[in-house]
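Colleague: One file: data.cif (mmCIF, C-alpha atoms).
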data_my_file
loop_
_atom_site.label_atom_id
_atom_site.label_comp_id
_atom_site.auth_asym_id
_atom_site.auth_seq_id
_atom_site.Cartn_x
_atom_site.Cartn_y
_atom_site.Cartn_z
CA MET A 17 12.94 -51.65 -72.98
CA ALA A 18 15.70 -54.11 -72.18
CA LEU A 19 15.06 -57.69 -73.04
CA THR A 20 16.26 -60.56 -70.79
CA THR A 21 16.74 -64.10 -71.88
CA PRO A 22 15.72 -66.63 -69.25
CA THR A 23 18.40 -69.13 -68.20
CA PRO A 24 17.38 -72.56 -69.46
CA THR A 25 16.86 -75.15 -66.75
CA LEU A 26 17.07 -78.89 -66.96
CA PRO A 27 14.54 -81.27 -65.44
CA PRO A 28 15.62 -82.59 -62.05
CA ASP A 29 16.57 -85.98 -63.48
CA GLU A 30 18.88 -84.32 -66.01
CA ALA A 31 20.59 -81.85 -63.63
CA PRO A 32 24.32 -82.54 -63.22
CA PRO A 33 25.24 -83.58 -59.66
CA ASP A 34 27.07 -81.08 -57.51
CA GLY A 35 30.52 -81.83 -56.01
CA ALA A 36 29.17 -83.28 -52.75
CA ALA A 37 26.77 -85.56 -54.56
CA ARG A 38 29.51 -86.80 -56.88
CA SER A 39 31.74 -87.46 -53.88
CA ARG A 40 29.05 -89.46 -52.14
CA GLY A 41 28.48 -91.48 -55.24
CA VAL A 42 32.17 -92.41 -55.58
CA TRP A 43 33.00 -93.07 -51.92
CA GLY A 44 29.70 -94.39 -50.66
CA PRO A 45 30.44 -98.11 -51.31
CA PHE A 46 33.87 -97.81 -49.71
CA VAL A 47 32.40 -96.18 -46.59
CA VAL A 48 29.79 -98.93 -46.28
CA ALA A 49 32.44 -101.64 -46.75
CA ALA A 50 34.76 -100.04 -44.19
CA ALA A 51 31.94 -99.74 -41.66
CA ALA A 52 31.05 -103.40 -42.21
CA LEU A 53 34.66 -104.45 -41.63
CA VAL A 54 34.88 -102.39 -38.42
CA LEU A 55 31.63 -103.88 -37.11
CA ALA A 56 32.82 -107.40 -37.95
CA ALA A 57 36.09 -106.78 -36.11
CA LEU A 58 34.24 -105.57 -33.01
CA LEU A 59 31.80 -108.48 -33.03
CA ASN A 60 34.69 -110.94 -33.35
CA ALA A 61 37.21 -109.09 -31.18
CA ASP A 62 37.63 -112.01 -28.77
CA GLU A 63 38.61 -114.39 -31.54
CA LEU A 64 40.95 -111.85 -33.13
CA GLN A 65 42.83 -111.49 -29.84
CA ARG A 66 42.93 -115.25 -29.22
CA THR A 67 44.30 -115.81 -32.71
CA ALA A 68 46.99 -113.17 -32.19
CA GLU A 69 48.02 -114.60 -28.81
CA ARG A 70 48.44 -118.11 -30.27
CA GLN A 71 51.04 -117.00 -32.81
CA PRO A 72 54.72 -117.83 -32.27
CA VAL A 73 56.78 -115.16 -30.57
CA GLY A 74 58.19 -112.67 -33.06
CA TRP A 75 57.52 -109.32 -34.65
CA GLU A 76 54.50 -110.69 -36.54
CA ARG A 77 52.87 -111.68 -33.23
CA ASP A 78 53.70 -108.28 -31.75
CA VAL A 79 51.99 -106.51 -34.64
CA LEU A 80 48.92 -108.77 -34.53
CA ILE A 81 48.52 -108.31 -30.77
CA ASP A 82 48.79 -104.52 -31.11
CA LEU A 83 46.20 -104.53 -33.90
CA ALA A 84 43.84 -106.85 -32.01
CA ALA A 85 44.04 -104.79 -28.83
CA VAL A 86 42.15 -101.86 -30.40
CA PRO A 87 38.91 -103.67 -31.36
CA GLN A 88 39.13 -105.71 -28.14
CA GLU A 89 39.08 -102.61 -25.94
CA VAL A 90 36.30 -100.98 -27.98
CA ALA A 91 34.25 -104.19 -27.96
CA ASP A 92 34.67 -104.60 -24.22
CA ALA A 93 33.61 -101.01 -23.59
CA SER A 94 30.63 -101.14 -25.99
CA ARG A 95 29.77 -104.77 -25.14
CA LEU A 96 29.54 -105.57 -28.85
CA ASN A 97 31.40 -108.84 -28.21
CA ARG A 98 28.65 -110.11 -25.92
CA PRO A 99 26.44 -111.60 -28.68
CA ARG A 100 29.25 -113.88 -29.88
CA ARG A 101 30.02 -114.97 -26.32
CA TRP A 102 26.37 -115.73 -25.69
CA ALA A 103 26.12 -117.65 -28.96
CA GLU A 104 29.23 -119.71 -28.16
CA ALA A 105 27.90 -120.50 -24.72
CA LEU A 106 24.45 -121.40 -26.08
CA LEU A 107 25.61 -123.48 -29.04
CA GLY A 108 28.64 -124.99 -27.36
CA THR A 109 30.83 -124.07 -30.30
CA PRO A 110 34.22 -125.67 -29.68
CA ASP A 111 37.41 -123.70 -29.81
CA PRO A 112 39.09 -124.76 -33.10
CA GLY A 113 41.57 -127.51 -32.34
CA GLY A 114 40.42 -127.80 -28.73
CA SER A 115 39.58 -130.96 -26.89
CA VAL A 116 38.05 -131.98 -23.60
CA LEU A 117 40.65 -132.37 -20.86
CA GLU A 118 40.83 -135.85 -19.46
CA ARG A 119 41.06 -134.91 -15.81
CA PRO A 120 43.96 -136.71 -14.16
CA ALA A 121 43.38 -138.43 -10.85
CA PRO A 122 43.87 -136.13 -7.86
CA PRO A 123 47.47 -136.31 -6.68
CA PRO A 124 48.08 -137.92 -3.30
CA ALA A 125 48.61 -135.79 -0.24
CA ARG A 126 52.12 -134.55 0.46
CA PRO A 127 53.94 -137.35 2.28
CA PRO A 128 53.70 -136.65 6.02
CA VAL A 129 56.62 -136.98 8.39
CA SER A 130 56.32 -139.80 10.92
CA SER A 131 55.07 -138.86 14.38
CA ASP A 132 58.43 -139.61 16.00
CA ASP A 133 60.21 -137.22 13.63
CA PRO A 134 59.45 -133.64 14.74
CA VAL A 135 58.47 -131.27 11.98
CA THR A 136 59.99 -127.84 11.88
CA GLY A 137 59.48 -125.00 9.49
CA PRO A 138 62.05 -122.53 8.19
CA THR A 139 62.11 -120.70 11.53
CA GLY A 140 62.46 -123.89 13.54
CA SER A 141 58.93 -123.73 14.94
CA SER A 142 56.60 -126.69 14.72
CA THR A 143 54.41 -126.30 11.62
CA SER A 144 51.39 -128.29 10.60
CA THR A 145 48.63 -127.18 8.28
CA SER A 146 45.43 -128.62 6.92
CA THR A 147 44.24 -127.30 3.58
CA SER A 148 40.98 -127.79 1.78
CA THR A 149 39.68 -126.17 -1.41
CA SER A 150 36.62 -126.42 -3.57
CA ALA A 151 38.88 -126.81 -6.59
CA SER A 152 40.64 -129.96 -5.45
CA THR A 153 40.30 -132.76 -2.99
CA SER A 154 40.85 -131.97 0.65
CA THR A 155 44.39 -132.68 1.69
CA SER A 156 46.09 -132.69 5.02
CA THR A 157 49.67 -131.59 4.59
CA THR A 158 52.51 -131.46 7.04
CA VAL A 159 55.39 -129.32 5.87
CA PRO A 160 58.70 -131.11 6.41
CA GLU A 161 61.88 -129.32 7.33
CA ARG A 162 63.76 -128.23 4.27
CA ARG A 163 67.17 -129.79 3.84
CA THR A 164 70.33 -127.73 3.68
CA PRO A 165 71.61 -127.55 0.08
CA THR A 166 75.34 -128.01 -0.42
CA ALA A 167 77.72 -127.97 -3.36
CA SER A 168 77.74 -131.77 -3.35
CA ALA A 169 73.94 -131.97 -2.99
CA PRO A 170 72.65 -128.77 -4.62
CA LEU A 171 69.08 -127.54 -4.55
CA GLN A 172 67.30 -128.91 -7.63
CA VAL A 173 65.16 -126.17 -9.18
CA ALA A 174 63.00 -126.59 -12.31
CA VAL A 175 61.79 -123.44 -14.07
CA LEU A 176 58.70 -124.04 -16.23
CA GLY A 177 56.23 -121.96 -18.22
CA ASP A 178 55.15 -120.36 -21.45
CA SER A 179 56.87 -117.67 -23.52
CA MET A 180 56.75 -115.29 -20.54
CA MET A 181 59.18 -117.65 -18.85
CA GLN A 182 61.71 -117.44 -21.70
CA VAL A 183 63.36 -114.23 -20.51
CA LEU A 184 62.42 -114.64 -16.83
CA GLY A 185 63.71 -118.21 -16.77
CA GLN A 186 67.00 -117.22 -18.34
CA SER A 187 67.35 -114.49 -15.73
CA ILE A 188 66.65 -116.99 -12.94
CA VAL A 189 69.25 -119.40 -14.32
CA ASN A 190 71.78 -116.59 -14.69
CA GLY A 191 71.03 -115.23 -11.23
CA ALA A 192 71.58 -118.61 -9.60
CA ALA A 193 74.68 -119.47 -11.62
CA GLY A 194 77.10 -118.03 -9.08
CA ASP A 195 75.90 -120.32 -6.28
CA ASP A 196 77.10 -123.92 -6.52
CA ARG A 197 74.44 -124.90 -4.00
CA VAL A 198 71.73 -124.35 -6.63
CA GLU A 199 71.20 -126.29 -9.86
CA THR A 200 68.55 -124.97 -12.25
CA THR A 201 66.90 -126.33 -15.39
CA LEU A 202 64.70 -124.25 -17.68
CA GLU A 203 61.87 -125.47 -19.90
CA TYR A 204 59.51 -123.06 -21.61
CA ARG A 205 56.98 -123.72 -24.35
CA VAL A 206 55.71 -120.88 -26.54
CA SER A 207 51.91 -120.43 -26.84
CA THR A 208 51.12 -122.92 -24.08
CA GLY A 209 49.31 -122.84 -20.77
CA LEU A 210 46.64 -124.70 -18.83
CA THR A 211 43.63 -124.10 -21.10
CA ARG A 212 44.85 -126.06 -24.16
CA PRO A 213 46.21 -129.45 -23.06
CA ASP A 214 45.58 -130.68 -26.60
CA TYR A 215 48.30 -128.28 -27.77
CA PHE A 216 50.69 -129.05 -24.90
CA ASP A 217 49.86 -131.03 -21.76
CA TRP A 218 51.62 -129.25 -18.89
CA PRO A 219 50.06 -131.41 -16.13
CA GLY A 220 51.35 -134.48 -17.94
CA ARG A 221 54.77 -132.94 -18.44
CA ILE A 222 55.00 -131.94 -14.78
CA THR A 223 54.10 -135.48 -13.77
CA GLU A 224 56.94 -136.77 -15.98
CA LEU A 225 59.44 -134.36 -14.46
CA LEU A 226 58.48 -135.29 -10.90
CA SER A 227 58.78 -138.99 -11.64
CA SER A 228 62.13 -138.68 -13.42
CA GLY A 229 64.03 -137.43 -10.40
CA PRO A 230 63.70 -135.48 -7.17
CA LEU A 231 62.94 -131.77 -7.43
CA ASP A 232 63.23 -129.46 -4.44
CA ALA A 233 61.61 -126.39 -5.96
CA VAL A 234 59.65 -125.60 -9.10
CA VAL A 235 59.11 -122.09 -10.46
CA VAL A 236 56.07 -121.85 -12.76
CA MET A 237 54.48 -119.06 -14.78
CA PHE A 238 51.36 -119.62 -16.86
CA GLY A 239 48.48 -117.43 -17.96
CA ALA A 240 49.49 -115.18 -20.86
CA ASN A 241 47.90 -117.62 -23.32
CA ASP A 242 45.14 -118.89 -21.03
CA ALA A 243 42.49 -116.16 -21.41
CA GLN A 244 40.65 -118.06 -24.13
CA GLY A 245 37.76 -120.49 -24.37
CA MET A 246 38.00 -123.99 -22.92
CA VAL A 247 36.29 -127.13 -24.13
CA LEU A 248 34.59 -128.80 -21.17
CA PRO A 249 32.49 -131.98 -21.08
CA ALA A 250 29.33 -129.81 -21.17
CA GLY A 251 30.57 -127.88 -24.20
CA SER A 252 32.68 -124.86 -25.07
CA GLU A 253 33.00 -122.30 -22.31
CA PRO A 254 34.14 -118.75 -23.13
CA PHE A 255 36.66 -117.02 -20.92
CA GLY A 256 35.39 -115.39 -17.76
CA THR A 257 32.19 -117.32 -17.06
CA GLN A 258 31.81 -118.92 -13.65
CA ALA A 259 32.15 -122.38 -15.18
CA TRP A 260 35.37 -121.30 -16.89
CA LEU A 261 36.82 -119.82 -13.69
CA ASP A 262 35.88 -122.91 -11.66
CA GLU A 263 37.56 -125.21 -14.17
CA TYR A 264 40.69 -123.09 -14.41
CA ARG A 265 40.92 -122.91 -10.63
CA TRP A 266 40.70 -126.71 -10.52
CA ARG A 267 43.57 -127.03 -13.00
CA VAL A 268 45.76 -124.59 -11.06
CA ALA A 269 44.99 -126.41 -7.81
CA TRP A 270 45.84 -129.75 -9.42
CA VAL A 271 49.27 -128.54 -10.50
CA MET A 272 49.97 -127.13 -7.05
CA ASP A 273 48.92 -130.37 -5.35
CA ALA A 274 50.88 -132.48 -7.84
CA LEU A 275 54.04 -130.52 -7.02
CA ALA A 276 53.38 -131.03 -3.31
CA ALA A 277 52.85 -134.77 -3.83
CA GLY A 278 56.18 -134.88 -5.64
CA GLY A 279 57.88 -133.23 -2.66
CA ALA A 280 58.59 -129.92 -4.41
CA ASP A 281 57.99 -126.42 -3.13
CA ALA A 282 56.27 -124.28 -5.75
CA TYR A 283 56.96 -120.64 -6.58
CA TRP A 284 54.04 -119.48 -8.70
CA VAL A 285 54.76 -116.28 -10.58
CA GLY A 286 51.71 -114.18 -11.40
CA GLN A 287 51.20 -112.15 -14.54
CA PRO A 288 52.42 -108.55 -14.73
CA VAL A 289 50.19 -105.63 -15.67
CA MET A 290 49.80 -105.42 -19.44
CA ARG A 291 49.71 -102.40 -21.74
CA SER A 292 46.21 -103.31 -22.95
CA ASP A 293 43.60 -102.55 -20.29
CA SER A 294 41.35 -105.41 -21.39
CA PHE A 295 44.23 -107.88 -21.37
CA SER A 296 45.30 -106.63 -17.94
CA ALA A 297 41.78 -107.26 -16.62
CA ARG A 298 41.96 -110.84 -17.84
CA MET A 299 45.36 -111.36 -16.26
CA ALA A 300 44.15 -109.86 -12.98
CA ALA A 301 41.35 -112.44 -12.89
CA LEU A 302 43.89 -115.24 -13.32
CA ASN A 303 46.22 -113.74 -10.71
CA GLU A 304 43.40 -113.82 -8.17
CA ILE A 305 43.13 -117.57 -8.71
CA TYR A 306 46.88 -118.13 -8.42
CA ALA A 307 47.19 -116.01 -5.28
CA SER A 308 44.16 -117.44 -3.48
CA GLU A 309 45.05 -121.06 -4.24
CA ALA A 310 48.66 -120.46 -3.18
CA ALA A 311 47.45 -118.96 0.10
CA ARG A 312 45.69 -122.24 0.88
CA ARG A 313 48.90 -124.25 0.59
CA GLU A 314 51.95 -124.07 2.79
CA HIS A 315 54.25 -125.36 0.06
CA VAL A 316 53.26 -122.70 -2.54
CA THR A 317 54.63 -119.14 -2.65
CA TYR A 318 52.88 -116.62 -4.86
CA VAL A 319 55.23 -114.09 -6.47
CA ASP A 320 53.40 -110.86 -7.34
CA ALA A 321 54.86 -109.78 -10.69
CA TRP A 322 52.22 -107.04 -11.01
CA SER A 323 53.73 -104.92 -8.23
CA VAL A 324 57.31 -105.66 -9.27
CA LEU A 325 56.81 -104.54 -12.88
CA SER A 326 54.41 -101.61 -12.52
CA ALA A 327 54.44 -97.96 -11.53
CA ASP A 328 51.95 -97.70 -8.67
CA GLY A 329 49.98 -100.55 -10.22
CA ALA A 330 49.90 -99.06 -13.73
CA TYR A 331 51.67 -100.34 -16.82
CA ALA A 332 55.15 -98.94 -17.33
CA SER A 333 57.49 -99.70 -20.20
CA HIS A 334 60.40 -98.23 -18.19
CA LEU A 335 61.23 -98.32 -14.49
CA ASP A 336 64.03 -96.71 -12.54
CA ASP A 337 66.63 -99.26 -11.49
CA GLY A 338 68.58 -96.70 -9.46
CA SER A 339 70.62 -95.41 -12.36
CA GLY A 340 67.75 -94.00 -14.39
CA PRO A 341 64.76 -95.29 -16.39
CA THR A 342 65.35 -98.74 -17.85
CA SER A 343 63.16 -100.61 -20.31
CA VAL A 344 61.47 -103.54 -18.56
CA ARG A 345 59.01 -104.65 -21.27
CA GLN A 346 59.22 -105.64 -24.92
CA SER A 347 57.49 -103.68 -27.68
CA ASP A 348 54.37 -105.87 -27.57
CA GLY A 349 53.44 -104.55 -24.13
CA ILE A 350 53.37 -108.13 -22.78
CA HIS A 351 56.74 -109.85 -22.63
CA LEU A 352 59.67 -108.85 -20.44
CA SER A 353 62.89 -107.24 -21.55
CA ARG A 354 66.16 -108.54 -20.13
CA ALA A 355 66.12 -105.86 -17.45
CA GLY A 356 62.51 -106.72 -16.62
CA GLY A 357 63.39 -110.40 -16.39
CA ASP A 358 66.32 -109.67 -14.12
CA ARG A 359 64.15 -107.47 -11.91
CA LEU A 360 61.49 -110.17 -11.43
CA ALA A 361 64.04 -113.00 -11.18
CA ALA A 362 65.72 -111.24 -8.26
CA VAL A 363 62.43 -111.39 -6.32
CA VAL A 364 61.92 -115.08 -7.14
CA LEU A 365 65.46 -115.98 -6.12
CA ASP A 366 65.15 -113.98 -2.89
CA GLU A 367 62.09 -116.08 -1.97
CA ILE A 368 63.93 -119.33 -2.71
CA ARG A 369 67.07 -118.28 -0.86
CA ALA A 370 65.07 -117.24 2.20
CA ASP A 371 63.07 -120.50 2.30
CA TRP A 372 66.11 -122.72 1.81
CA ARG A 373 68.45 -120.59 3.96
CA LEU A 374 70.78 -119.88 1.05
CA ASP A 375 71.14 -116.25 2.03
CA ARG A 376 73.53 -117.14 4.79
#
Starting from the coordinates I provided, produce the structure as structure tokens.
Modeller:
Amino acid sequence: MALTTPTPTLPPDEAPPDGAARSRGVWGPFVVAAAALVLAALLNADELQRTAERQPVGWERDVLIDLAAVPQEVADASRLNRPRRWAEALLGTPDPGGSVLERPAPPPARPPVSSDDPVTGPTGSSTSTSTSTSASTSTSTTVPERRTPTASAPLQVAVLGDSMMQVLGQSIVNGAAGDDRVETTLEYRVSTGLTRPDYFDWPGRITELLSSGPLDAVVVMFGANDAQGMVLPAGSEPFGTQAWLDEYRWRVAWVMDALAAGGADAYWVGQPVMRSDSFSARMAALNEIYASEAARREHVTYVDAWSVLSADGAYASHLDDGSGPTSVRQSDGIHLSRAGGDRLAAVVLDEIRADWRLDR
């Protein structure tokens, strides 16, 4: 009879772990830590994007914006960023470094032309408009006839804005350089806009420019840095709430009316479509304000950058300029390339030339 020796067994607490168990034991803490970091990034996605957008222009900012775009889009889709927004709204947590805007007095109405001096618009027809908005005081404006710029008395054009205006503004200046009837000045400030007057006060700067000498036309472009919280008298207001939109609309309307009071026609350039879907949605909300407020005012022309720099409304890094696809955006998916700046500047200059009869 064959004898068999039983295989000895160890008690469960002495049994060596198998490969899977050993793996879980080694990597478990790292998995938990990684999951915690991902969750924290999603919960704080809004602040991560705001921080990235405030950085100076450069490759570091490009990288940070690209990195922040991923949790922002996931947080928007999953609504994981809602608790932080609700908490900020409830607690009135101020945006670091922010301050309450001291609202400037409403600008006066655009100076009317005397009754014995007939008013004619660009086509020679009599033009008189009355505008009223909920964002600013009601104003009655009569649009005077534009003068005829000459080489001895050139059209004075100021080009103002944030970092988006750096390339666009240079393209506008270059595009107008061949016409001695136009004199342009460019001023852009990186990481600025209308939501953080504590960082740079554009309404105050515009007031200074208007008081320092006559301006015929002003090209402005704001918004790329404005989709962030604002500090209002009632507390901090996160981007996108009705209170935020009402306040931002008021600030846009104030700038438009200030330019009118200073005798300048305004050419307000909207934001182009962005590579990030969530960022594009924010810019579309701001564009609606720019376009609707411009439509209320005879002296303001809204320039739709979205249609100029998109492919059927969608983001495009390259567009066909007639000789083949040409890069129109920088690597960050936000700023314009030189070709993109030239493309949009041509539209702006066409509007100015048509209004001031410089295309003749």
Colleague: Report as a PyMOL selection string the full result of the PyMOL selection byres ((chain A and resi 360-375) around 9) when it is applied to this structure.
Modeller: chain A and resi 138+162-165+171+184-189+191-192+195+197-198+233+235+283+285+317+319+321+324-325+355-359+376
Colleague: Using all atoms listed in the file, which of A:Thr208, A:Ser343, A:Thr201, A:Thr223 sits nearest Val175 (chain A)?
Modeller: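 So, comparing all the options, the nearest one is A:Thr201.
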Colleague: Enter the distance from CA of Gly251 (chain A) to CA of Glu263 (chain A), in Å, rounded to one decimal.
Modeller: 12.5 Å
Colleague: Just checking: using all atoms listed in the file, which residue out of A:Ala301, A:Ala282, A:Leu231, A:Leu176 ends up closest to Trp260 (chain A)?
Modeller: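 The closest residue to Trp260 (chain A) is A:Ala301.
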Colleague: Carefully work through the PyMOL selection byres ((chain A and resi 219) around 9) for this structure and note down the residues it includes, as a list in words.
Modeller: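 This file, filtered by the PyMOL selection byres ((chain A and resi 219) around 9), leaves Pro120, Leu210, Pro213, Asp217, Trp218, Gly220, Arg221, Ile222, Thr223, Glu224, Arg267, Trp270, Val271 and Ala274 of chain A.
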Colleague: Give me the residues near Glu304 (chain A) as an NGL selection string, where near means some atom within 12 Å (using all atoms listed in the file) and where sequence neighbours in that chain fewer than 2 positions away do not count.
Modeller: :A and (239 or 261 or 264-265 or 268 or 285-287 or 297-302 or 306-311 or 318-320 or 322)
